[in-house]
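Raw target-v9.cif, mmCIF, C-alpha atoms:
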data_run
#
loop_
_atom_site.label_atom_id
_atom_site.label_comp_id
_atom_site.auth_asym_id
_atom_site.auth_seq_id
_atom_site.Cartn_x
_atom_site.Cartn_y
_atom_site.Cartn_z
CA MET A 1 -7.16 -10.23 29.97
CA GLU A 2 -10.60 -9.30 28.78
CA THR A 3 -12.39 -11.73 26.56
CA SER A 4 -12.06 -10.99 22.87
CA THR A 5 -15.03 -9.04 21.60
CA ARG A 6 -13.79 -8.58 18.08
CA ASN A 7 -12.88 -11.04 15.38
CA TYR A 8 -11.72 -10.28 11.91
CA LYS A 9 -10.67 -12.13 8.79
CA PHE A 10 -6.95 -11.42 8.56
CA PHE A 11 -5.45 -10.31 5.24
CA PRO A 12 -1.64 -10.36 5.63
CA GLY A 13 -0.83 -9.37 2.02
CA CYS A 14 2.36 -10.23 0.11
CA LEU A 15 5.33 -8.13 1.17
CA ALA A 16 5.19 -8.90 4.89
CA ARG A 17 4.45 -12.56 4.24
CA VAL A 18 7.25 -13.19 1.76
CA LYS A 19 9.93 -10.69 2.72
CA LEU A 20 9.22 -9.19 6.15
CA PRO A 21 7.68 -11.94 8.33
CA HIS A 22 8.90 -10.09 11.43
CA ILE A 23 6.27 -7.46 10.70
CA GLU A 24 3.53 -10.08 10.38
CA LYS A 25 4.67 -11.65 13.63
CA SER A 26 4.51 -8.34 15.53
CA VAL A 27 1.02 -7.56 14.19
CA ARG A 28 -0.28 -10.97 15.25
CA VAL A 29 1.17 -10.95 18.77
CA VAL A 30 0.18 -7.37 19.56
CA LEU A 31 -3.39 -7.70 18.28
CA ASP A 32 -3.70 -10.95 20.21
CA ALA A 33 -2.51 -9.26 23.41
CA LEU A 34 -5.18 -6.60 22.86
CA GLY A 35 -7.91 -9.20 22.56
CA ILE A 36 -8.44 -8.80 18.82
CA GLY A 37 -9.03 -12.15 17.17
CA LEU A 38 -7.64 -12.88 13.69
CA ASN A 39 -9.01 -15.67 11.54
CA ASP A 40 -6.78 -16.81 8.70
CA GLU A 41 -8.01 -17.54 5.19
CA PRO A 42 -5.32 -19.59 3.40
CA ARG A 43 -6.84 -18.92 -0.02
CA PHE A 44 -6.34 -15.16 -0.01
CA THR A 45 -4.10 -14.24 -2.96
CA CYS A 46 -2.37 -10.91 -3.63
CA CYS A 47 -5.06 -8.25 -3.05
CA PRO A 48 -3.98 -7.52 -5.96
CA ASP A 49 -1.35 -4.81 -5.86
CA PRO A 50 -3.13 -1.50 -6.63
CA VAL A 51 -0.06 0.11 -8.21
CA VAL A 52 1.99 -2.17 -10.48
CA PHE A 53 -0.48 -4.98 -11.15
CA ARG A 54 -3.37 -2.54 -11.66
CA SER A 55 -1.15 -0.66 -14.15
CA ALA A 56 -1.27 -3.74 -16.39
CA SER A 57 -5.03 -4.23 -16.25
CA ARG A 58 -7.60 -2.51 -14.10
CA HIS A 59 -10.14 -5.13 -15.12
CA ASP A 60 -8.00 -8.04 -13.87
CA TRP A 61 -7.26 -6.09 -10.70
CA LEU A 62 -11.00 -5.78 -10.11
CA ARG A 63 -11.70 -9.46 -10.78
CA ILE A 64 -9.01 -10.74 -8.42
CA ALA A 65 -10.02 -8.26 -5.70
CA ALA A 66 -13.64 -9.36 -6.12
CA HIS A 67 -12.62 -12.98 -5.54
CA ASN A 68 -10.70 -12.08 -2.39
CA LEU A 69 -13.67 -10.08 -1.11
CA ALA A 70 -16.29 -12.63 -2.09
CA ARG A 71 -14.35 -15.57 -0.66
CA ASN A 72 -15.05 -14.25 2.70
CA GLY A 73 -18.77 -14.02 3.25
CA CYS A 74 -19.42 -10.84 5.15
CA GLU A 75 -16.86 -11.04 7.93
CA THR A 76 -14.91 -7.76 8.02
CA ILE A 77 -11.41 -8.04 6.57
CA LEU A 78 -8.54 -6.63 8.64
CA THR A 79 -5.38 -5.95 6.64
CA LEU A 80 -1.77 -5.67 7.73
CA CYS A 81 -0.90 -3.45 4.74
CA PRO A 82 -2.54 -0.15 3.75
CA GLY A 83 -2.02 -1.04 0.08
CA CYS A 84 -4.26 -4.09 0.53
CA ALA A 85 -6.82 -2.09 2.51
CA SER A 86 -7.12 0.66 -0.09
CA SER A 87 -7.03 -1.79 -3.02
CA LEU A 88 -9.82 -3.94 -1.59
CA ALA A 89 -11.87 -0.97 -0.36
CA GLU A 90 -11.61 0.75 -3.74
CA ALA A 91 -12.52 -2.45 -5.56
CA ALA A 92 -15.51 -2.87 -3.22
CA MET A 93 -16.66 0.62 -4.25
CA VAL A 94 -16.34 -0.21 -7.94
CA LEU A 95 -18.26 -3.46 -7.40
CA ARG A 96 -21.07 -1.60 -5.69
CA GLU A 97 -21.23 1.50 -7.86
CA GLU A 98 -20.03 0.86 -11.41
CA ALA A 99 -21.51 -1.14 -14.27
CA GLU A 100 -18.18 -2.97 -14.70
CA GLY A 101 -18.32 -3.96 -11.03
CA ARG A 102 -21.83 -5.35 -11.36
CA GLU A 103 -20.70 -7.42 -14.37
CA VAL A 104 -17.84 -8.88 -12.33
CA LEU A 105 -20.25 -9.76 -9.53
CA ALA A 106 -22.55 -11.45 -12.05
CA GLU A 107 -19.56 -13.50 -13.33
CA LEU A 108 -18.85 -14.60 -9.76
CA ARG A 109 -22.44 -15.72 -9.30
CA GLN A 110 -22.08 -17.96 -12.36
CA ASP A 111 -19.08 -19.58 -10.69
CA ASN A 112 -21.32 -20.57 -7.78
CA HIS A 113 -19.99 -17.92 -5.43
CA GLU A 114 -22.52 -15.91 -3.56
CA PRO A 115 -20.56 -12.69 -3.64
CA GLY A 116 -20.64 -10.70 -0.44
CA ILE A 117 -18.86 -7.37 -0.18
CA PRO A 118 -17.43 -7.20 3.33
CA GLY A 119 -16.00 -4.17 5.08
CA VAL A 120 -12.23 -3.68 4.86
CA LEU A 121 -10.07 -2.08 7.56
CA HIS A 122 -6.39 -1.53 8.15
CA PHE A 123 -5.54 -2.73 11.68
CA LEU A 124 -4.50 0.78 12.78
CA LYS A 125 -8.15 1.78 12.65
CA VAL A 126 -8.97 -0.84 15.27
CA LEU A 127 -5.84 -0.08 17.29
CA THR A 128 -6.86 3.58 17.65
CA GLU A 129 -10.45 2.98 18.71
CA GLU A 130 -10.99 4.36 22.22
CA ASP A 131 -11.53 1.08 24.06
CA VAL A 132 -8.60 -0.66 22.36
CA LEU A 133 -6.34 2.33 22.97
CA SER A 134 -7.20 2.43 26.65
CA ARG A 135 -6.61 -1.32 26.93
CA LEU A 136 -3.25 -0.71 25.24
CA LYS A 137 -2.35 2.01 27.75
CA GLY A 138 -3.16 -0.39 30.57
CA LEU A 139 -0.68 -2.92 29.17
CA VAL A 140 2.30 -0.54 28.94
CA ARG A 141 5.10 -1.97 31.09
CA ARG A 142 8.18 -0.21 29.81
CA ASP A 143 9.04 3.48 30.03
CA LEU A 144 9.74 4.79 26.52
CA GLY A 145 9.60 8.41 27.69
CA SER A 146 13.15 9.19 26.62
CA PHE A 147 12.57 8.26 22.95
CA LYS A 148 11.81 10.82 20.28
CA VAL A 149 9.60 9.13 17.71
CA ALA A 150 8.54 10.43 14.29
CA ALA A 151 5.52 9.11 12.40
CA HIS A 152 5.31 8.44 8.68
CA TYR A 153 1.74 7.87 7.49
CA GLY A 154 2.32 7.04 3.86
CA CYS A 155 -0.54 7.38 1.41
CA HIS A 156 -2.86 4.43 1.08
CA LEU A 157 -3.51 4.27 4.82
CA LEU A 158 -5.50 7.52 4.47
CA LYS A 159 -6.33 7.80 0.79
CA PRO A 160 -8.47 7.67 -1.24
CA SER A 161 -10.49 8.77 1.79
CA VAL A 162 -13.77 8.07 0.03
CA ALA A 163 -12.83 4.36 0.04
CA VAL A 164 -10.66 3.87 3.14
CA ALA A 165 -12.58 6.29 5.42
CA PHE A 166 -9.88 6.47 8.09
CA ASP A 167 -8.51 9.41 10.06
CA ASP A 168 -8.08 12.81 8.36
CA PRO A 169 -6.07 12.59 5.12
CA GLU A 170 -4.78 16.16 5.49
CA GLN A 171 -4.19 16.18 9.25
CA PRO A 172 -3.97 12.63 10.52
CA THR A 173 -3.37 11.93 14.22
CA SER A 174 -3.67 8.15 14.66
CA LEU A 175 0.07 7.33 14.71
CA GLU A 176 0.79 10.19 17.12
CA ARG A 177 -2.01 8.89 19.35
CA ILE A 178 -0.21 5.54 19.49
CA ILE A 179 3.16 7.19 20.19
CA HIS A 180 1.55 9.16 23.04
CA ALA A 181 -0.24 6.06 24.32
CA VAL A 182 3.05 4.17 24.70
CA GLY A 183 4.56 7.15 26.51
CA ALA A 184 7.16 8.19 23.92
CA GLN A 185 7.78 11.73 22.64
CA VAL A 186 6.33 12.80 19.28
CA VAL A 187 8.71 14.54 16.89
CA ASP A 188 7.24 16.62 14.10
CA TYR A 189 9.20 17.15 10.88
CA GLN A 190 9.00 18.87 7.53
CA ASP A 191 6.98 17.09 4.83
CA LYS A 192 5.60 14.54 7.26
CA LEU A 193 2.72 13.69 4.93
CA LEU A 194 4.87 13.29 1.84
CA CYS A 195 4.78 9.84 0.21
CA CYS A 196 7.77 7.53 0.86
CA GLY A 197 8.26 7.33 -2.90
CA ARG A 198 8.22 3.55 -3.12
CA PRO A 199 5.25 3.15 -5.51
CA ALA A 200 6.76 5.35 -8.24
CA ILE A 201 7.67 2.82 -10.92
CA ASP A 202 10.40 5.22 -12.00
CA GLU A 203 13.31 4.42 -9.66
CA GLN A 204 14.95 7.83 -9.79
CA THR A 205 11.75 9.56 -8.61
CA SER A 206 11.27 6.93 -5.92
CA GLN A 207 14.77 7.41 -4.47
CA SER A 208 14.75 11.21 -4.65
CA ILE A 209 11.56 11.31 -2.57
CA ALA A 210 12.91 8.85 0.01
CA GLU A 211 16.18 10.74 0.28
CA HIS A 212 14.36 14.01 0.90
CA LYS A 213 12.22 12.46 3.61
CA LEU A 214 15.25 10.88 5.30
CA ASN A 215 16.98 14.27 5.29
CA CYS A 216 13.93 15.92 6.87
CA LEU A 217 13.84 13.22 9.55
CA LYS A 218 17.55 13.61 10.25
CA GLU A 219 17.11 17.35 10.55
CA ALA A 220 14.30 16.86 13.09
CA GLY A 221 16.55 14.71 15.26
CA CYS A 222 14.39 11.70 16.02
CA ASP A 223 15.53 8.37 17.52
CA LEU A 224 13.00 6.17 15.76
CA LEU A 225 10.64 6.30 12.81
CA VAL A 226 7.28 4.55 13.06
CA VAL A 227 5.37 3.30 10.01
CA ALA A 228 2.21 1.28 9.39
CA CYS A 229 2.96 0.03 5.87
CA PRO A 230 5.42 -2.71 4.84
CA PHE A 231 6.32 -0.84 1.63
CA CYS A 232 7.14 2.37 3.52
CA PHE A 233 9.04 0.20 6.01
CA GLU A 234 11.25 -1.27 3.30
CA GLN A 235 11.67 2.07 1.53
CA PHE A 236 13.12 3.62 4.71
CA ASP A 237 14.81 0.63 6.39
CA LEU A 238 16.58 -0.89 3.39
CA GLY A 239 16.30 2.38 1.45
CA GLN A 240 18.43 4.42 3.84
CA VAL A 241 21.24 1.86 3.48
CA VAL A 242 21.06 1.99 -0.33
CA ILE A 243 20.83 5.79 -0.48
CA GLY A 244 23.45 6.21 2.24
CA ARG A 245 25.89 4.02 0.32
CA LYS A 246 25.42 6.15 -2.83
CA LYS A 247 25.84 9.40 -0.96
CA GLY A 248 28.55 8.22 1.40
CA LEU A 249 26.62 8.83 4.60
CA THR A 250 24.91 6.89 7.37
CA TYR A 251 21.41 7.82 8.48
CA GLY A 252 21.30 5.27 11.30
CA LEU A 253 17.57 5.74 11.82
CA PRO A 254 15.84 2.58 13.05
CA VAL A 255 12.38 2.07 11.55
CA LEU A 256 9.75 0.27 13.60
CA TYR A 257 6.44 -1.13 12.46
CA VAL A 258 3.83 0.46 14.73
CA THR A 259 3.06 -2.91 16.33
CA GLN A 260 6.75 -3.33 17.18
CA LEU A 261 6.68 -0.03 19.07
CA VAL A 262 3.52 -1.09 20.92
CA GLY A 263 5.00 -4.51 21.70
CA LEU A 264 8.17 -2.91 23.07
CA ALA A 265 6.10 -0.73 25.37
CA MET A 266 4.32 -3.88 26.55
CA ASP A 267 7.78 -5.29 27.27
CA MET A 268 7.33 -8.20 24.88
CA ASP A 269 10.28 -10.42 23.94
CA LYS A 270 12.60 -9.29 21.20
CA PRO A 271 12.06 -12.55 19.21
CA ALA A 272 8.27 -12.29 19.59
CA LEU A 273 8.42 -8.87 17.94
CA GLY A 274 10.85 -9.94 15.23
CA LEU A 275 13.37 -7.33 16.22
CA GLY A 276 16.43 -9.16 14.88
CA PHE A 277 15.71 -8.62 11.18
CA HIS A 278 15.92 -4.88 10.57
CA ARG A 279 18.56 -3.56 8.21
CA VAL A 280 19.09 -0.69 10.63
CA ARG A 281 18.98 -2.41 13.98
CA PRO A 282 17.02 -0.77 16.76
CA ASP A 283 18.76 -2.93 19.40
CA LYS A 284 21.39 -0.47 20.47
CA ILE A 285 19.19 2.55 20.87
CA LEU A 286 16.54 0.52 22.66
CA GLU A 287 19.12 -1.29 24.81
CA LEU A 288 17.70 -4.69 23.91
CA MET B 1 1.07 16.32 -32.26
CA TYR B 2 0.10 12.67 -31.82
CA ILE B 3 -3.61 12.09 -31.63
CA LEU B 4 -4.90 8.61 -30.93
CA ARG B 5 -7.20 7.39 -33.66
CA GLY B 6 -9.45 4.44 -34.35
CA GLN B 7 -9.57 1.85 -31.60
CA ALA B 8 -7.06 3.70 -29.42
CA GLU B 9 -9.14 6.85 -29.71
CA GLY B 10 -12.06 4.90 -28.31
CA VAL B 11 -9.87 3.79 -25.42
CA LEU B 12 -8.85 7.36 -24.66
CA GLU B 13 -12.50 8.28 -24.68
CA VAL B 14 -12.98 5.67 -21.98
CA VAL B 15 -10.02 7.07 -20.02
CA ALA B 16 -11.54 10.52 -20.09
CA LYS B 17 -14.93 9.21 -19.11
CA HIS B 18 -13.69 6.80 -16.49
CA GLY B 19 -11.40 9.20 -14.75
CA LEU B 20 -13.84 12.04 -15.43
CA ALA B 21 -10.96 13.98 -17.03
CA ARG B 22 -13.50 16.05 -19.01
CA LEU B 23 -14.37 17.84 -15.78
CA CYS B 24 -10.83 19.27 -15.51
CA TYR B 25 -10.66 23.05 -15.77
CA ALA B 26 -6.89 23.12 -15.39
CA CYS B 27 -6.78 24.91 -12.02
CA GLY B 28 -3.49 23.18 -11.18
CA ILE B 29 -4.26 22.22 -7.58
CA CYS B 30 -3.07 18.71 -8.49
CA VAL B 31 0.45 20.05 -9.03
CA GLY B 32 0.90 21.45 -5.53
CA ASP B 33 2.17 18.72 -3.16
CA CYS B 34 2.46 16.20 -6.02
CA PRO B 35 5.57 14.19 -5.06
CA ALA B 36 6.30 13.17 -8.65
CA ALA B 37 5.99 16.76 -9.90
CA ARG B 38 8.26 17.98 -7.13
CA PHE B 39 10.96 15.34 -7.42
CA SER B 40 11.18 14.83 -11.18
CA ASP B 41 11.59 17.14 -14.17
CA ASP B 42 8.80 16.12 -16.47
CA PHE B 43 5.76 15.02 -14.48
CA ASN B 44 3.00 17.61 -14.61
CA PRO B 45 -0.40 16.19 -13.63
CA ARG B 46 -2.29 19.29 -14.80
CA GLN B 47 -0.81 18.90 -18.27
CA ILE B 48 -1.66 15.19 -18.35
CA PHE B 49 -5.32 15.64 -17.35
CA LEU B 50 -5.74 18.57 -19.73
CA LYS B 51 -4.31 16.55 -22.62
CA VAL B 52 -6.54 13.59 -21.84
CA SER B 53 -9.62 15.78 -21.63
CA LEU B 54 -8.74 17.10 -25.10
CA GLY B 55 -8.27 13.56 -26.42
CA VAL B 56 -4.54 14.01 -27.04
CA ALA B 57 -2.17 11.29 -25.85
CA ASP B 58 0.99 12.94 -27.15
CA GLY B 59 3.90 11.26 -25.34
CA LEU B 60 1.71 9.74 -22.64
CA VAL B 61 1.48 6.10 -23.68
CA GLU B 62 4.87 5.53 -25.32
CA ALA B 63 7.95 4.11 -23.60
CA ASP B 64 9.51 6.68 -21.22
CA SER B 65 6.19 8.36 -20.63
CA PRO B 66 6.14 10.43 -17.41
CA ILE B 67 3.02 8.55 -16.23
CA TRP B 68 5.28 5.97 -14.53
CA LYS B 69 6.55 8.62 -12.11
CA CYS B 70 3.17 8.96 -10.38
CA THR B 71 3.29 7.41 -6.89
CA THR B 72 -0.52 6.99 -6.77
CA CYS B 73 -0.46 8.91 -3.48
CA TYR B 74 -3.98 10.28 -4.14
CA THR B 75 -3.13 13.77 -2.84
CA CYS B 76 -4.51 15.25 -6.08
CA ALA B 77 -7.55 12.98 -5.89
CA GLU B 78 -8.34 14.35 -2.41
CA ARG B 79 -8.04 17.98 -3.50
CA CYS B 80 -9.43 18.15 -7.06
CA PRO B 81 -12.33 20.62 -6.89
CA ALA B 82 -13.70 19.48 -10.26
CA GLY B 83 -14.25 15.85 -9.28
CA VAL B 84 -11.70 14.33 -11.66
CA LYS B 85 -10.39 10.91 -10.60
CA PRO B 86 -6.75 11.59 -11.43
CA VAL B 87 -5.34 8.23 -10.33
CA GLU B 88 -7.93 6.45 -12.49
CA VAL B 89 -6.74 8.53 -15.45
CA ILE B 90 -3.10 7.57 -14.81
CA ILE B 91 -4.01 3.88 -14.37
CA ALA B 92 -6.04 3.91 -17.60
CA LEU B 93 -3.12 5.47 -19.50
CA ARG B 94 -0.82 2.83 -18.01
CA ASN B 95 -3.21 0.08 -19.13
CA ILE B 96 -3.03 1.42 -22.70
CA SER B 97 0.76 1.68 -22.49
CA TYR B 98 1.00 -1.89 -21.17
CA ALA B 99 -1.24 -3.23 -23.94
CA LYS B 100 0.97 -1.47 -26.52
CA GLY B 101 4.02 -3.14 -24.98
CA SER B 102 5.47 0.21 -23.86
CA ALA B 103 5.29 -0.27 -20.08
CA PRO B 104 8.46 -0.62 -18.00
CA PRO B 105 9.44 -4.32 -17.72
CA GLN B 106 8.60 -4.59 -14.03
CA VAL B 107 4.88 -4.26 -14.78
CA GLU B 108 4.97 -7.52 -16.73
CA GLN B 109 7.25 -9.08 -14.11
CA VAL B 110 4.79 -8.33 -11.31
CA ARG B 111 1.87 -9.51 -13.42
CA GLN B 112 3.65 -12.76 -14.22
CA ALA B 113 4.58 -13.30 -10.57
CA ILE B 114 0.98 -12.89 -9.44
CA ALA B 115 -0.32 -15.09 -12.25
CA SER B 116 2.18 -17.85 -11.50
CA ARG B 117 2.37 -17.76 -7.69
CA GLY B 118 -0.65 -15.74 -6.60
CA ILE B 119 1.58 -13.38 -4.62
CA VAL B 120 3.95 -10.58 -5.59
CA SER B 121 7.40 -11.82 -4.68
CA GLY B 122 8.96 -15.25 -4.57
CA LEU B 123 9.48 -17.03 -1.27
CA THR B 124 13.02 -18.02 -0.42
CA ASP B 125 14.03 -20.96 1.76
CA THR B 126 15.40 -18.51 4.33
CA ILE B 127 12.03 -16.82 4.69
CA LEU B 128 10.17 -20.15 4.80
CA LYS B 129 12.46 -21.26 7.61
CA ARG B 130 12.03 -17.95 9.42
CA ARG B 131 8.24 -18.18 9.14
CA LYS B 132 8.37 -21.65 10.70
CA GLN B 133 10.61 -20.46 13.53
CA MET B 134 8.24 -17.58 14.19
CA GLY B 135 5.26 -19.92 14.19
CA LEU B 136 3.60 -18.14 11.25
CA PRO B 137 1.09 -20.04 9.08
CA ASP B 138 2.17 -21.82 5.89
CA ILE B 139 1.54 -20.10 2.57
CA ASP B 140 -0.79 -22.07 0.32
CA GLU B 141 1.07 -23.36 -2.74
CA LYS B 142 -2.02 -23.22 -4.90
CA LEU B 143 -2.49 -19.43 -4.85
CA GLY B 144 -1.16 -19.14 -8.40
CA GLN B 145 -3.74 -21.65 -9.55
CA ILE B 146 -6.49 -19.58 -7.95
CA VAL B 147 -5.34 -16.43 -9.76
CA ARG B 148 -5.03 -18.21 -13.11
CA GLY B 149 -8.53 -19.53 -12.61
CA ILE B 150 -9.72 -15.93 -12.34
CA ILE B 151 -7.76 -14.13 -15.05
CA GLY B 152 -6.74 -17.08 -17.20
CA GLY B 153 -3.14 -17.86 -18.16
CA ASN B 154 -0.40 -15.33 -18.52
CA GLN B 155 -1.57 -13.50 -21.60
CA HIS B 156 -1.81 -9.77 -22.07
CA GLU B 157 -5.36 -8.60 -22.09
CA GLU B 158 -6.18 -7.28 -25.54
CA LEU B 159 -7.59 -3.79 -25.67
#
As structure tokens, please, write out the structure in this file.
Amino acid sequence: METSTRNYKFFPGCLARVKLPHIEKSVRVVLDALGIGLNDEPRFTCCPDPVVFRSASRHDWLRIAAHNLARNGCETILTLCPGCASSLAEAAMVLREEAEGREVLAELRQDNHEPGIPGVLHFLKVLTEEDVLSRLKGLVRRDLGSFKVAAHYGCHLLKPSVAVAFDDPEQPTSLERIIHAVGAQVVDYQDKLLCCGRPAIDEQTSQSIAEHKLNCLKEAGCDLLVVACPFCFEQFDLGQVVIGRKKGLTYGLPVLYVTQLVGLAMDMDKPALGLGFHRVRPDKILEL
Amino acid sequence: MYILRGQAEGVLEVVAKHGLARLCYACGICVGDCPAARFSDDFNPRQIFLKVSLGVADGLVEADSPIWKCTTCYTCAERCPAGVKPVEVIIALRNISYAKGSAPPQVEQVRQAIASRGIVSGLTDTILKRRKQMGLPDIDEKLGQIVRGIIGGNQHEEL
């Protein structure tokens, strides 16, 4: 194993920490295996949530985000969740560019913080950098060549591009690059870039979008769906059970967090990757 | 037609300015590929931005407003040729709606959760046990205190 050349401040966010720890576990073990060091900051709060919380008060959203950013000095923050990455990156832009942001920074200075505005990245950005990707390819131990894998990007991983600055928001390739790197087959499908629907506060809209995406995925005939967002994960993993029950059908499509797919290719243990906690179990298809 | 007046009118002015809604020339590119427009009956982003740029909040900040159907996917934000910040406009309208007490209940629930625990959802004993088994770090019990120190208590912010 090469010596770690990169270290980041790790921002695990809420959903994975409090509901889907198996996702957090897989991110930690896979990044560790790739020589990417994560430093924990126990005082990180919710980023805060850029959808529901920000809908109550943009100003409070900005102040909490500023505290999470400033707490950190200037060490780059690596997030598990694209919602956290886009929330913090957008807040960082407001702090730098808007009068309201400068006022919030001035408030922080009064509280004896010396506010730094660090860079913010979602871990997929690091995972798809050339040297990390080639290290990853070198660690592949299991042949996943028979699996047809579809990618769901979600929204906040790529957008707003002016803040998150990752991949191409209209034609992203990073998840497919990972699927190729682990030796599995990429399956394309209709409406690949459509939102999972989860952040719509209106439940009907949220479910209609998810149902449409699940139907498109079924049509495409994939074995697995890969995501890089805990909210998208829950929308499709738990969501397909809820929607299936209403409609009287079974989708049976296992959803893997991208680090779980990578870990499987590295032939990591099932418990290490948290593979026992999916609503739609991938065990059977993966012969675990 | 319902036109916001007085203090609320000032707020709408801020919405328009903040989200740069005034720049909208109603080309409609925001409607194409909008998930909420496609999968619901009454969400039309073009109509919303046009209304805001004209200073009319007719039906936008009351209970059952279509603004809660937006998924904040930012597809419109990426494509708007006029430089409007559409998600900022939606968020600003939601802030007004919340301050009026017209937001869906889950907005206040999430706000309360973050103000009391510092994180979105509550931890169950099952998850705590699972985290331990997986060797994941403990979650600081004082996160709620940190958040309250920043935004103060659990009160609505007055507009």
Report as an MDAnalysis selection string the residues that result from applying the PyMOL selection byres ((chain B) within 8 of (chain A)) to the structure here.
-> chainID B and resid 33 35:36 39:40 68:75 77:78 91:92 94:95 98:99 104 106:108 110:111 114 118:124 127 130:131 134 136 139:140 143:144 146:147 150:151 157
What separation in Å, quoted to one decimal, exists between CA of Ala265 (chain A) and CA of Leu139 (chain A)?
->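 Taking CA of Ala265 (chain A) and CA of Leu139 (chain A), their separation equals 8.1 Å.
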Could the centre and edge lengths of an axis-aligned box, enclosing all atoms of region 55-64 of chain B in the file with 6 Å extra on each side, be given in Å to one decimal as AutoDock Vina command-line options?
--center_x 0.6 --center_y 9.1 --center_z -24.2 --size_x 29.8 --size_y 21.9 --size_z 17.9
So which residues touch Pro45 (chain B) within 7 Å, counting all atoms listed in the file, skipping near sequence neighbours fewer than 4 positions away, as a list in words?
-> Cys30, Val31 and Phe49 of chain B
Name the residues that the PyMOL selection byres ((chain A and resi 239) around 12) pulls out of this structure, and write them as an MDAnalysis selection string.
-> chainID A and resid 196:198 203 206:214 231:238 240:246 250:255 278:280
Answer as a list in words, residues within 9 Å of (-11.6, -1.5, -0.3) using all atoms listed in the file =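 The residues that fall inside the cut-off are Ala65, Leu69, Cys84, Ala85, Ser86, Ser87, Leu88, Ala89, Glu90, Ala91, Ala92, Met93, Pro118, Gly119, Val120, Leu121, Ala163 and Val164 of chain A.
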Using the selection just defined, write its residues with C-alpha atoms as a PDB file, keeping the file's coordinate frame.
ATOM      1  CA  ALA A  65     -10.020  -8.260  -5.700  1.00  0.00           C
ATOM      2  CA  LEU A  69     -13.670 -10.080  -1.110  1.00  0.00           C
ATOM      3  CA  CYS A  84      -4.260  -4.090   0.530  1.00  0.00           C
ATOM      4  CA  ALA A  85      -6.820  -2.090   2.510  1.00  0.00           C
ATOM      5  CA  SER A  86      -7.120   0.660  -0.090  1.00  0.00           C
ATOM      6  CA  SER A  87      -7.030  -1.790  -3.020  1.00  0.00           C
ATOM      7  CA  LEU A  88      -9.820  -3.940  -1.590  1.00  0.00           C
ATOM      8  CA  ALA A  89     -11.870  -0.970  -0.360  1.00  0.00           C
ATOM      9  CA  GLU A  90     -11.610   0.750  -3.740  1.00  0.00           C
ATOM     10  CA  ALA A  91     -12.520  -2.450  -5.560  1.00  0.00           C
ATOM     11  CA  ALA A  92     -15.510  -2.870  -3.220  1.00  0.00           C
ATOM     12  CA  MET A  93     -16.660   0.620  -4.250  1.00  0.00           C
ATOM     13  CA  PRO A 118     -17.430  -7.200   3.330  1.00  0.00           C
ATOM     14  CA  GLY A 119     -16.000  -4.170   5.080  1.00  0.00           C
ATOM     15  CA  VAL A 120     -12.230  -3.680   4.860  1.00  0.00           C
ATOM     16  CA  LEU A 121     -10.070  -2.080   7.560  1.00  0.00           C
ATOM     17  CA  ALA A 163     -12.830   4.360   0.040  1.00  0.00           C
ATOM     18  CA  VAL A 164     -10.660   3.870   3.140  1.00  0.00           C
TER      19      VAL A 164
END
Skip Arg109 (chain A) itself and residues of its chain fewer than 5 positions away, then list as a VMD selection string all residues within 12 Å of it, counting all atoms listed in the file.
-> chain A and resid 66 to 67 70 to 71 102 to 104 114 to 116
